[in-house]
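S.K.: Supplied structure: work00.txt, compact mmCIF, C-alpha atoms.
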# COMPACT_ATOMS: atom_id res chain seq x y z
CA MET E 1 40.29 -108.20 -86.31
CA ILE E 2 43.55 -106.35 -85.99
CA PHE E 3 42.85 -103.88 -88.80
CA ASP E 4 39.96 -102.55 -86.83
CA ASN E 5 42.45 -100.94 -84.54
CA LEU E 6 45.06 -99.51 -87.01
CA ASP E 7 45.34 -95.85 -87.67
CA PRO E 8 44.98 -95.20 -91.39
CA ALA E 9 47.81 -92.64 -91.23
CA TYR E 10 50.12 -95.16 -89.64
CA VAL E 11 49.23 -97.70 -92.32
CA LYS E 12 49.98 -95.17 -95.04
CA GLY E 13 53.32 -94.37 -93.49
CA GLN E 14 54.27 -97.97 -93.43
CA LEU E 15 53.16 -98.49 -97.01
CA ASP E 16 55.24 -95.51 -98.09
CA LYS E 17 58.35 -97.31 -96.89
CA LEU E 18 57.80 -99.97 -99.51
CA SER E 19 59.40 -97.54 -101.95
CA ASN E 20 62.67 -98.47 -100.28
CA LEU E 21 62.37 -101.91 -101.82
CA ASN E 22 62.95 -100.33 -105.18
CA THR E 23 66.41 -101.85 -105.61
CA THR E 24 68.00 -104.56 -107.67
CA LEU E 25 69.20 -107.94 -106.52
CA THR E 26 72.67 -106.92 -107.73
CA ASN E 27 72.63 -104.07 -105.24
CA VAL E 28 71.58 -106.47 -102.52
CA ARG E 29 74.35 -108.91 -103.45
CA ASP E 30 76.95 -106.17 -103.55
CA ALA E 31 75.74 -104.85 -100.22
CA ILE E 32 76.24 -108.30 -98.71
CA SER E 33 79.50 -109.28 -100.42
CA GLY E 34 81.23 -105.90 -100.35
CA GLY E 35 81.38 -105.83 -104.11
CA LYS E 36 82.65 -109.36 -104.44
CA SER E 37 81.16 -111.87 -106.77
CA LEU E 38 80.31 -115.42 -105.73
CA SER E 39 83.31 -116.44 -107.82
CA ASP E 40 85.43 -114.12 -105.73
CA ILE E 41 84.06 -115.59 -102.54
CA TYR E 42 84.64 -119.11 -103.84
CA GLY E 43 88.19 -118.15 -104.74
CA THR E 44 88.75 -116.97 -101.21
CA LEU E 45 87.28 -120.06 -99.68
CA TYR E 46 89.10 -122.43 -102.04
CA ASN E 47 92.86 -121.92 -102.52
CA THR E 48 93.73 -123.15 -106.00
CA THR E 49 97.46 -123.07 -105.22
CA ASP E 50 97.42 -126.06 -102.83
CA GLY E 51 93.95 -127.27 -103.78
CA LYS E 52 92.59 -127.02 -100.26
CA SER E 53 89.38 -125.46 -99.18
CA VAL E 54 88.83 -123.54 -95.98
CA TYR E 55 87.31 -126.71 -94.64
CA ASP E 56 90.40 -128.69 -95.52
CA GLN E 57 92.64 -126.12 -93.92
CA ALA E 58 90.47 -125.92 -90.82
CA LYS E 59 90.44 -129.71 -90.61
CA ALA E 60 94.22 -129.85 -90.91
CA ILE E 61 94.59 -127.26 -88.16
CA TYR E 62 92.11 -129.13 -86.02
CA GLY E 63 94.11 -132.28 -86.52
CA GLN E 64 97.12 -130.53 -85.01
CA LEU E 65 95.14 -129.14 -82.12
CA ASP E 66 93.28 -132.34 -81.29
CA VAL E 67 96.01 -133.78 -79.02
CA ALA E 68 96.24 -134.35 -75.27
CA LEU E 69 96.99 -131.14 -73.43
CA SER E 70 99.71 -132.91 -71.49
CA THR E 71 101.69 -133.18 -74.73
CA ARG E 72 102.00 -129.45 -74.83
CA ALA E 73 103.88 -127.34 -72.30
CA SER E 74 101.42 -126.26 -69.70
CA GLU E 75 101.14 -122.71 -68.61
CA SER E 76 102.66 -123.55 -65.28
CA THR E 77 105.58 -125.26 -67.00
CA LEU E 78 106.18 -122.26 -69.19
CA SER E 79 105.87 -120.06 -66.14
CA GLY E 80 108.38 -122.21 -64.32
CA ILE E 81 110.82 -121.97 -67.20
CA LYS E 82 110.38 -118.25 -67.34
CA SER E 83 111.00 -117.89 -63.63
CA GLN E 84 114.37 -119.57 -64.18
CA THR E 85 115.35 -117.71 -67.31
CA ASP E 86 114.47 -114.47 -65.57
CA LYS E 87 117.35 -115.20 -63.21
CA LEU E 88 119.91 -114.97 -65.97
CA THR E 89 121.84 -111.76 -65.87
CA PHE E 90 124.06 -110.22 -68.51
CA ASP E 91 126.80 -107.67 -68.31
CA SER E 92 127.09 -104.55 -70.37
CA ASN E 93 128.50 -106.59 -73.28
CA ASP E 94 125.55 -108.98 -73.11
CA TYR E 95 127.84 -111.68 -71.83
CA LEU E 96 126.17 -114.09 -69.48
CA TYR E 97 127.19 -113.43 -65.89
CA VAL E 98 127.80 -116.70 -64.04
CA VAL E 99 128.46 -117.40 -60.36
CA LEU E 100 129.66 -120.93 -59.69
CA GLY E 101 128.03 -122.69 -56.79
CA GLY E 102 126.70 -119.63 -55.05
CA SER E 103 127.96 -116.34 -53.76
CA SER E 104 130.38 -117.89 -51.28
CA THR E 105 132.46 -119.66 -53.92
CA VAL E 106 134.31 -118.72 -57.07
CA ASN E 107 132.84 -115.90 -59.06
CA ILE E 108 134.09 -115.97 -62.64
CA GLY E 109 133.37 -112.33 -62.95
CA ASN E 110 135.75 -111.70 -60.06
CA PHE E 111 138.77 -113.64 -61.27
CA PRO E 112 141.82 -111.45 -60.99
CA SER E 113 143.16 -109.85 -64.16
CA TRP E 114 146.35 -111.92 -64.13
CA PHE E 115 144.13 -114.93 -64.64
CA THR E 116 141.50 -113.59 -66.96
CA SER E 117 144.04 -111.77 -69.11
CA SER E 118 145.66 -115.02 -70.17
CA THR E 119 143.09 -117.68 -69.28
CA LYS E 120 139.83 -116.75 -70.82
CA THR E 121 138.65 -119.96 -72.36
CA THR E 122 138.70 -123.63 -71.61
CA ASP E 123 141.22 -123.96 -74.43
CA ASP E 124 143.50 -121.59 -72.52
CA LEU E 125 143.07 -123.73 -69.44
CA TYR E 126 143.76 -126.90 -71.39
CA GLY E 127 146.91 -125.31 -72.76
CA LYS E 128 148.19 -124.52 -69.31
CA LEU E 129 147.39 -127.98 -67.96
CA ASN E 130 149.08 -129.51 -70.95
CA ALA E 131 152.17 -127.42 -70.29
CA LEU E 132 152.13 -128.57 -66.67
CA ALA E 133 151.88 -132.20 -67.74
CA GLY E 134 154.83 -131.65 -70.03
CA ALA E 135 156.85 -130.09 -67.22
CA LEU E 136 156.13 -133.00 -64.89
CA GLY E 137 156.97 -135.46 -67.61
CA SER E 138 160.38 -133.88 -68.01
CA VAL E 139 161.23 -134.57 -64.33
CA ALA E 140 163.58 -137.53 -64.19
CA SER E 141 161.83 -140.53 -62.71
CA ASP E 142 164.33 -140.83 -59.86
CA LYS E 143 164.68 -137.16 -59.12
CA LEU E 144 161.93 -136.94 -56.52
CA ARG E 145 163.18 -140.00 -54.64
CA ALA E 146 166.73 -138.71 -54.71
CA THR E 147 165.54 -135.36 -53.37
CA ILE E 148 163.76 -137.04 -50.47
CA VAL E 149 166.78 -139.20 -49.67
CA ASP E 150 169.04 -136.16 -49.73
CA ALA E 151 166.72 -134.43 -47.29
CA LEU E 152 166.98 -137.23 -44.72
CA PRO E 153 169.60 -137.10 -41.96
CA ALA E 154 172.88 -138.52 -43.22
CA GLY E 155 174.75 -141.32 -41.52
CA THR E 156 171.76 -142.81 -39.72
CA ASN E 157 168.93 -145.13 -40.49
CA TRP E 158 166.49 -143.35 -38.23
CA ILE E 159 163.75 -141.10 -39.48
CA GLY E 160 162.33 -139.44 -36.43
CA SER E 161 161.37 -142.31 -34.13
CA VAL E 162 161.23 -144.90 -36.91
CA LYS E 163 164.22 -147.09 -37.56
CA ILE E 164 164.71 -148.28 -41.11
CA GLY E 165 166.38 -151.69 -41.16
CA ASP E 166 168.64 -153.06 -43.88
CA GLY E 167 167.15 -156.52 -43.56
CA SER E 168 170.17 -158.06 -41.85
CA SER E 169 170.63 -156.71 -38.35
CA ALA E 170 167.74 -154.41 -37.76
CA VAL E 171 166.11 -154.92 -34.43
CA GLY E 172 162.72 -155.08 -36.08
CA VAL E 173 163.69 -158.02 -38.32
CA ILE E 174 163.30 -161.34 -36.55
CA ASN E 175 163.19 -164.99 -37.40
CA GLY E 176 159.73 -166.35 -36.87
CA THR E 177 157.35 -169.00 -37.98
CA LEU E 178 154.88 -168.09 -40.64
CA GLY E 179 152.66 -170.61 -42.33
CA GLY E 180 154.56 -173.47 -40.70
CA SER E 181 158.01 -172.46 -41.92
CA THR E 182 160.73 -170.23 -40.49
CA LYS E 183 161.02 -166.92 -42.23
CA THR E 184 162.56 -163.51 -41.71
CA LEU E 185 159.77 -161.35 -40.40
CA LEU E 186 159.30 -157.77 -39.44
CA GLY E 187 158.78 -157.82 -35.68
CA VAL E 188 156.50 -155.18 -34.26
CA ALA E 189 156.37 -155.09 -30.47
CA PRO E 190 153.64 -153.02 -28.87
CA ASP E 191 155.01 -150.47 -26.47
CA LEU E 192 153.19 -152.00 -23.54
CA VAL E 193 155.34 -150.18 -21.01
CA LYS E 194 154.28 -146.80 -22.31
CA MET E 195 150.71 -147.99 -22.31
CA TYR E 196 151.06 -148.61 -18.60
CA ALA E 197 153.19 -145.54 -17.83
CA GLY E 198 152.03 -143.83 -14.67
CA GLY E 199 149.49 -146.54 -14.00
CA THR E 200 149.17 -149.16 -11.33
CA ASN E 201 152.20 -151.41 -10.74
CA TYR E 202 154.36 -149.30 -13.04
CA VAL E 203 158.04 -148.93 -12.17
CA ASP E 204 160.47 -146.43 -13.66
CA SER E 205 164.04 -146.45 -12.35
CA GLU E 206 167.47 -145.40 -13.54
CA VAL E 207 170.72 -147.17 -12.71
CA SER E 208 174.31 -146.18 -13.37
CA VAL E 209 176.35 -148.66 -15.40
CA THR E 210 180.11 -149.09 -15.30
CA THR E 211 182.46 -151.62 -16.78
CA THR E 212 182.01 -153.72 -13.63
CA GLU E 213 178.94 -155.91 -13.93
CA SER E 214 176.16 -155.05 -11.48
CA SER E 215 172.57 -156.16 -11.15
CA SER E 216 169.08 -155.14 -10.20
CA SER E 217 166.50 -157.61 -8.98
CA PHE E 218 162.73 -157.42 -8.81
CA SER E 219 160.18 -159.24 -6.70
CA PRO E 220 157.70 -160.12 -7.99
CA ALA E 221 159.27 -160.29 -11.45
CA LEU E 222 158.47 -157.58 -13.96
CA LYS E 223 155.90 -158.90 -16.43
CA PHE E 224 157.49 -156.94 -19.25
CA ALA E 225 159.90 -154.05 -19.48
CA LEU E 226 161.46 -151.44 -21.69
CA ILE E 227 165.21 -151.06 -21.10
CA THR E 228 166.63 -147.84 -22.51
CA ASN E 229 170.32 -146.99 -22.70
CA THR E 230 170.24 -143.23 -22.23
CA GLY E 231 174.02 -142.87 -22.07
CA ASP E 232 176.72 -142.62 -24.71
CA ASP E 233 178.30 -146.05 -24.23
CA ASP E 234 176.90 -149.40 -25.31
CA VAL E 235 175.62 -151.59 -22.49
CA LEU E 236 175.71 -155.39 -22.27
CA ILE E 237 172.86 -156.97 -20.33
CA ARG E 238 171.73 -160.41 -19.17
CA PHE E 239 168.28 -161.33 -17.97
CA ASN E 240 167.41 -163.55 -15.02
CA GLY E 241 170.88 -164.74 -14.14
CA SER E 242 174.58 -163.89 -14.30
CA SER E 243 175.28 -166.76 -16.68
CA ALA E 244 172.69 -165.85 -19.32
CA THR E 245 173.83 -164.73 -22.75
CA GLN E 246 174.77 -161.08 -22.93
CA LYS E 247 172.76 -158.83 -25.23
CA LYS E 248 173.90 -155.44 -26.38
CA ILE E 249 171.85 -152.30 -26.02
CA PRO E 250 173.61 -149.70 -28.16
CA ALA E 251 173.83 -146.17 -26.83
CA HIS E 252 170.57 -144.23 -27.10
CA THR E 253 168.47 -147.25 -28.04
CA SER E 254 165.87 -149.33 -26.25
CA LYS E 255 165.04 -152.99 -25.92
CA ALA E 256 161.53 -154.18 -25.21
CA VAL E 257 161.38 -157.37 -23.17
CA LEU E 258 158.18 -159.33 -23.27
CA PHE E 259 158.95 -162.03 -20.71
CA PRO E 260 159.15 -161.96 -16.91
CA ILE E 261 162.32 -160.37 -15.54
CA SER E 262 163.42 -161.12 -12.00
CA SER E 263 166.90 -159.69 -12.46
CA ILE E 264 168.99 -157.70 -14.92
CA TYR E 265 172.79 -157.83 -15.02
CA TYR E 266 174.49 -154.99 -16.83
CA GLU E 267 177.91 -153.58 -17.67
CA ALA E 268 179.19 -150.86 -19.96
CA SER E 269 181.23 -151.76 -23.03
CA THR E 270 184.06 -149.28 -22.60
CA SER E 271 183.28 -146.56 -20.07
CA SER E 272 179.94 -145.85 -18.42
CA SER E 273 176.32 -145.28 -19.21
CA THR E 274 172.86 -145.08 -17.71
CA LEU E 275 170.00 -147.56 -18.02
CA ARG E 276 166.39 -146.59 -17.62
CA ILE E 277 164.22 -149.51 -16.59
CA GLU E 278 160.49 -149.15 -17.12
CA GLY E 279 158.23 -152.06 -16.45
CA VAL E 280 155.08 -153.44 -14.96
CA TRP E 281 155.07 -155.90 -12.05
CA MET F 282 153.16 -146.07 -0.91
CA ILE F 283 156.84 -146.15 -1.90
CA VAL F 284 159.70 -146.17 0.61
CA GLU F 285 163.22 -145.70 -0.73
CA TYR F 286 166.53 -146.54 0.95
CA THR F 287 170.24 -146.25 0.30
CA ILE F 288 171.97 -149.54 1.06
CA LYS F 289 175.54 -150.64 1.67
CA LYS F 290 175.26 -154.41 1.88
CA THR F 291 174.72 -156.78 -1.01
CA GLY F 292 174.08 -160.49 -1.15
CA LYS F 293 170.31 -160.37 -0.67
CA THR F 294 167.79 -160.72 -3.44
CA ALA F 295 164.58 -158.83 -3.96
CA ASP F 296 162.67 -162.04 -3.28
CA GLU F 297 164.29 -162.43 0.15
CA ILE F 298 163.61 -158.82 1.16
CA ARG F 299 160.01 -159.09 0.00
CA GLU F 300 159.47 -162.25 2.05
CA LYS F 301 160.85 -160.55 5.17
CA ILE F 302 158.50 -157.60 4.70
CA ARG F 303 155.48 -159.81 4.08
CA SER F 304 156.15 -161.93 7.12
CA GLU F 305 156.81 -159.07 9.55
CA LEU F 306 154.43 -156.40 8.27
CA ALA F 307 151.73 -158.64 6.78
CA VAL F 308 151.65 -156.35 3.74
CA ASP F 309 152.41 -157.36 0.18
CA CYS F 310 154.83 -155.26 -1.82
CA PHE F 311 156.99 -154.93 -4.92
CA VAL F 312 160.73 -154.72 -4.26
CA GLU F 313 163.30 -153.40 -6.69
CA LEU F 314 166.83 -153.85 -5.53
CA HIS F 315 169.55 -151.88 -7.32
CA PRO F 316 173.21 -151.35 -6.45
CA ASN F 317 173.26 -149.02 -3.41
CA ARG F 318 169.49 -148.44 -3.59
CA LEU F 319 166.26 -150.18 -2.63
CA LYS F 320 162.69 -149.26 -3.39
CA VAL F 321 159.75 -150.87 -1.65
CA HIS F 322 156.34 -150.35 -3.27
CA LEU F 323 153.82 -151.27 -0.57
CA SER F 324 150.47 -152.41 -1.81
CA SER F 325 148.71 -150.45 0.94
CA GLU F 326 149.45 -147.63 3.35
CA ILE F 327 151.14 -148.55 6.62
CA PRO F 328 151.24 -146.50 9.84
CA ARG F 329 154.34 -144.69 11.10
CA GLU F 330 155.13 -147.63 13.36
CA GLY F 331 155.04 -149.90 10.30
CA VAL F 332 157.59 -147.68 8.54
CA ARG F 333 159.88 -147.98 11.57
CA ILE F 334 159.60 -151.77 11.41
CA LEU F 335 160.41 -151.60 7.70
CA ASP F 336 163.46 -149.42 8.45
CA LYS F 337 164.66 -152.01 10.90
CA ILE F 338 164.29 -154.84 8.38
CA ILE F 339 166.26 -152.94 5.75
CA GLU F 340 168.94 -151.90 8.20
CA GLU F 341 169.50 -155.44 9.44
CA ASN F 342 169.53 -157.07 6.02
CA LEU F 343 171.08 -154.44 3.75
CA ASP F 344 172.52 -151.83 6.10
CA GLY F 345 170.05 -149.39 4.59
CA ARG F 346 168.96 -145.85 5.49
CA ARG F 347 165.60 -144.45 4.52
CA ILE F 348 165.71 -141.60 1.95
CA GLU F 349 162.09 -140.75 1.45
CA VAL F 350 158.52 -141.95 1.71
CA VAL F 351 156.07 -141.26 -1.10
CA PRO F 352 152.45 -141.78 -0.01
Translate the structure of the given file into structure tokens.
M.R.:
Amino acid sequence: MIFDNLDPAYVKGQLDKLSNLNTTLTNVRDAISGGKSLSDIYGTLYNTTDGKSVYDQAKAIYGQLDVALSTRASESTLSGIKSQTDKLTFDSNDYLYVVLGGSSTVNIGNFPSWFTSSTKTTDDLYGKLNALAGALGSVASDKLRATIVDALPAGTNWIGSVKIGDGSSAVGVINGTLGGSTKTLLGVAPDLVKMYAGGTNYVDSEVSVTTTESSSSFSPALKFALITNTGDDDVLIRFNGSSATQKKIPAHTSKAVLFPISSIYYEASTSSSTLRIEGVW
Amino acid sequence: MIVEYTIKKTGKTADEIREKIRSELAVDCFVELHPNRLKVHLSSEIPREGVRILDKIIEENLDGRRIEVVP
């Protein structure tokens, strides 16, 4: 038996503590509720304004939380966003400081004052572009062409090394067959002689030309040649025979010949000139 | 190899001079014959004796004198 071992003094001490139970249930309730009645507690747990209990509210909140985590920004995503926003810098006026395309390109913050003083917004820029468009629109449609024409050398139809023909007697305009019918075509002869210049079987000679017809002959015949009149007088030439039709090579012009030449007969129109004969045999 | 001559005679063509050279020197060449001047482009080098033979051909046919030889 357990009582056999209890000290009577200890038992009395414990029994004396029962006097502490001399309290009312009201005191107990108040001690638990902090002075609140059950009605008060009910009022706290049940909101009469929206008619929802704590349970209802908790359920509603749960309903919002019970979604896949992937639908919410993850911590790493937020961290990633923050790492980018942390890069934004602001000047002393809290204006965003922007560098376009990196440090090696245009820095808006470093635009010179003549630009930033009058061109601060995209509207300013639009205004200037609009003004430019208006200025260009006011240029007469033929003014640019006329300016270019005025800049070209007068009294000649050469621009550099390019001859501009009038469609009637230009060397580059020839009669040829195109699509089965004869048409006026733009003849373009490759400068084969220059392609061969300095190469094997290349000949480059100069002859003096007077008003008395002379000739040069070649054996074997030149496969093709470029005849240039380097003098100041026009030269009349015939190919492969003294009875062939004469062709004129005006002073300071060339004639490309794309057929075999065994002989060239030449004479000056009025005084004298010099022919340069380049060819490949 | 190019051998150039001044010439006094006319009446020969480049074809005729070329044939003479081919037959006597057994070397092919390109001949350009201008008033008072002749150029012979030999297709291969010839010895000094060959040049003398060439001189003789040009002298007999065109009364020519050698100006220069370009190897």
S.K.: Residues within 9 Å of F:Lys301, please, as a ChimeraX atom specification. Count only C-alpha atoms; anything in the same chain fewer than 5 positions from it doesn't count.
M.R.: /F:296,306,338
S.K.: Between E:Gly199, E:Gly13, E:Pro220, E:Gly134, single out the one closest to chain F, counting only C-alpha atoms.
M.R.: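 Comparing E:Gly199, E:Gly13, E:Pro220, E:Gly134 against chain F, the winner is E:Pro220.
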S.K.: From the options E:Ser205, E:Thr24, E:Gln246, E:Ser19, which residue's atoms come nearest to chain F, counting all atoms listed in the file?
M.R.: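 Checking each of E:Ser205, E:Thr24, E:Gln246, E:Ser19 against chain F, counting all atoms listed in the file, the winner is E:Ser205.
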S.K.: Mind running chain F against chain E at 9 Å and telling me each contacting residue's nearest atom pair with the distance in Å (one decimal), counting all atoms listed in the file, chain and number ascending, as CSV?
M.R.:
residue,atom,partner,partner_atom,distance
F:Thr294,CA,E:Ser217,CA,6.5
F:Ala295,CA,E:Ser219,CA,5.2
F:Asp296,CA,E:Ser219,CA,5.1
F:Glu297,CA,E:Ser219,CA,8.6
F:Ile298,CA,E:Ser219,CA,8.6
F:Arg299,CA,E:Ser219,CA,6.7
F:Cys310,CA,E:Ser219,CA,8.3
F:Phe311,CA,E:Ser219,CA,5.6
F:Val312,CA,E:Ser219,CA,5.2
F:Glu313,CA,E:Phe218,CA,4.6
F:Leu314,CA,E:Ser217,CA,5.1
F:His315,CA,E:Ser216,CA,4.4
F:Pro316,CA,E:Ser216,CA,6.7
F:His322,CA,E:Asn201,CA,8.6
S.K.: What is the distance, in Å and to one decimal place, between atom CA of E:Glu213 and atom CA of E:Glu267?
M.R.: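 According to the coordinates, atom CA of E:Glu213 and atom CA of E:Glu267 are separated by 4.5 Å.
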S.K.: Rounded to one decimal in Å, what is the spacing between atom CA of E:Ala58 and atom CA of E:Ser39?
M.R.: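 Going from atom CA of E:Ala58 over to atom CA of E:Ser39, I get 20.7 Å.
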S.K.: Find the residue from F:Asp309, F:Glu326, F:Glu300, F:Asp336 that sits nearest to F:Ile348; use all atoms listed in the file when measuring.
M.R.: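 Nearest candidate to F:Ile348 out of F:Asp309, F:Glu326, F:Glu300, F:Asp336: F:Asp336.
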S.K.: Quick one: residues within 7 Å of F:Val351, all atoms listed in the file, excluding same-chain residues fewer than 6 positions away - as a ChimeraX atom specification?
M.R.: /F:282-284
S.K.: At a cut-off of 12 Å, using all atoms listed in the file, what residues contact F:Arg333? Leave out same-chain residues fewer than 5 positions from it and give the result as a VMD selection string.
M.R.: chain F and resid 284 302 305 to 306 327 to 328 338 to 340 346 to 347 350
S.K.: I'd like the neighbourhood of E:Ala244 as a VMD selection string, where a residue qualifies if any of its atoms comes within 12 Å (using all atoms listed in the file), though same-chain residues fewer than 3 positions away should be ignored.
M.R.: chain E and resid 236 to 241 247 263 to 266
S.K.: Using Å and a single decimal, report how far atom CA of E:Ser243 sits from atom CA of E:Tyr202.
M.R.: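 If I compute the distance from atom CA of E:Tyr202 to atom CA of E:Ser243, I get 27.5 Å.
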S.K.: Limit the output to all heavy atoms and give stretch 328-336 of chain F as a short mmCIF file (atom, residue, chain, number, x, y, z; two decimals), in the first residue's frame.
M.R.:
data_model
loop_
_atom_site.label_atom_id
_atom_site.label_comp_id
_atom_site.auth_asym_id
_atom_site.auth_seq_id
_atom_site.Cartn_x
_atom_site.Cartn_y
_atom_site.Cartn_z
N PRO F 328 71.13 30.83 -129.90
CA PRO F 328 72.49 31.22 -129.58
C PRO F 328 72.93 32.43 -130.40
O PRO F 328 72.23 32.88 -131.31
CB PRO F 328 73.31 29.98 -129.94
CG PRO F 328 72.49 29.27 -130.95
CD PRO F 328 71.06 29.54 -130.58
N ARG F 329 74.11 32.95 -130.04
CA ARG F 329 74.64 34.14 -130.73
C ARG F 329 74.75 33.91 -132.23
O ARG F 329 74.44 34.80 -133.03
CB ARG F 329 75.99 34.50 -130.14
CG ARG F 329 76.51 35.85 -130.57
CD ARG F 329 77.72 36.24 -129.78
NE ARG F 329 77.44 36.38 -128.36
CZ ARG F 329 78.36 36.60 -127.44
NH1 ARG F 329 79.63 36.69 -127.78
NH2 ARG F 329 78.05 36.73 -126.17
N GLU F 330 75.15 32.70 -132.60
CA GLU F 330 75.27 32.38 -134.03
C GLU F 330 73.90 32.47 -134.70
O GLU F 330 73.79 32.92 -135.86
CB GLU F 330 75.86 30.96 -134.19
CG GLU F 330 76.05 30.52 -135.62
CD GLU F 330 76.97 31.46 -136.41
OE1 GLU F 330 77.87 32.08 -135.81
OE2 GLU F 330 76.77 31.58 -137.62
N GLY F 331 72.86 32.06 -133.97
CA GLY F 331 71.50 32.13 -134.52
C GLY F 331 71.10 33.57 -134.77
O GLY F 331 70.43 33.89 -135.76
N VAL F 332 71.49 34.47 -133.85
CA VAL F 332 71.16 35.89 -134.02
C VAL F 332 71.84 36.43 -135.27
O VAL F 332 71.26 37.23 -136.03
CB VAL F 332 71.57 36.70 -132.77
CG1 VAL F 332 71.33 38.19 -132.99
CG2 VAL F 332 70.78 36.22 -131.54
N ARG F 333 73.09 35.97 -135.51
CA ARG F 333 73.80 36.44 -136.71
C ARG F 333 73.09 35.96 -137.98
O ARG F 333 73.01 36.70 -138.97
CB ARG F 333 75.25 35.96 -136.66
CG ARG F 333 76.13 36.87 -135.80
CD ARG F 333 77.61 36.61 -136.09
NE ARG F 333 78.12 35.44 -135.42
CZ ARG F 333 78.62 35.44 -134.18
NH1 ARG F 333 78.68 36.58 -133.50
NH2 ARG F 333 79.06 34.35 -133.63
N ILE F 334 72.60 34.75 -137.94
CA ILE F 334 71.84 34.23 -139.10
C ILE F 334 70.58 35.07 -139.31
O ILE F 334 70.21 35.44 -140.43
CB ILE F 334 71.49 32.75 -138.90
CG1 ILE F 334 72.76 31.90 -138.84
CG2 ILE F 334 70.54 32.26 -139.98
CD1 ILE F 334 72.53 30.44 -138.46
N LEU F 335 69.93 35.39 -138.19
CA LEU F 335 68.72 36.21 -138.27
C LEU F 335 69.05 37.59 -138.85
O LEU F 335 68.30 38.11 -139.72
CB LEU F 335 68.12 36.35 -136.87
CG LEU F 335 66.80 37.11 -136.76
CD1 LEU F 335 65.70 36.43 -137.58
CD2 LEU F 335 66.36 37.23 -135.30
N ASP F 336 70.16 38.17 -138.40
CA ASP F 336 70.59 39.48 -138.95
C ASP F 336 70.74 39.41 -140.47
O ASP F 336 70.33 40.33 -141.19
CB ASP F 336 71.92 39.90 -138.32
CG ASP F 336 71.78 40.26 -136.86
OD1 ASP F 336 70.63 40.43 -136.40
OD2 ASP F 336 72.80 40.35 -136.16
#
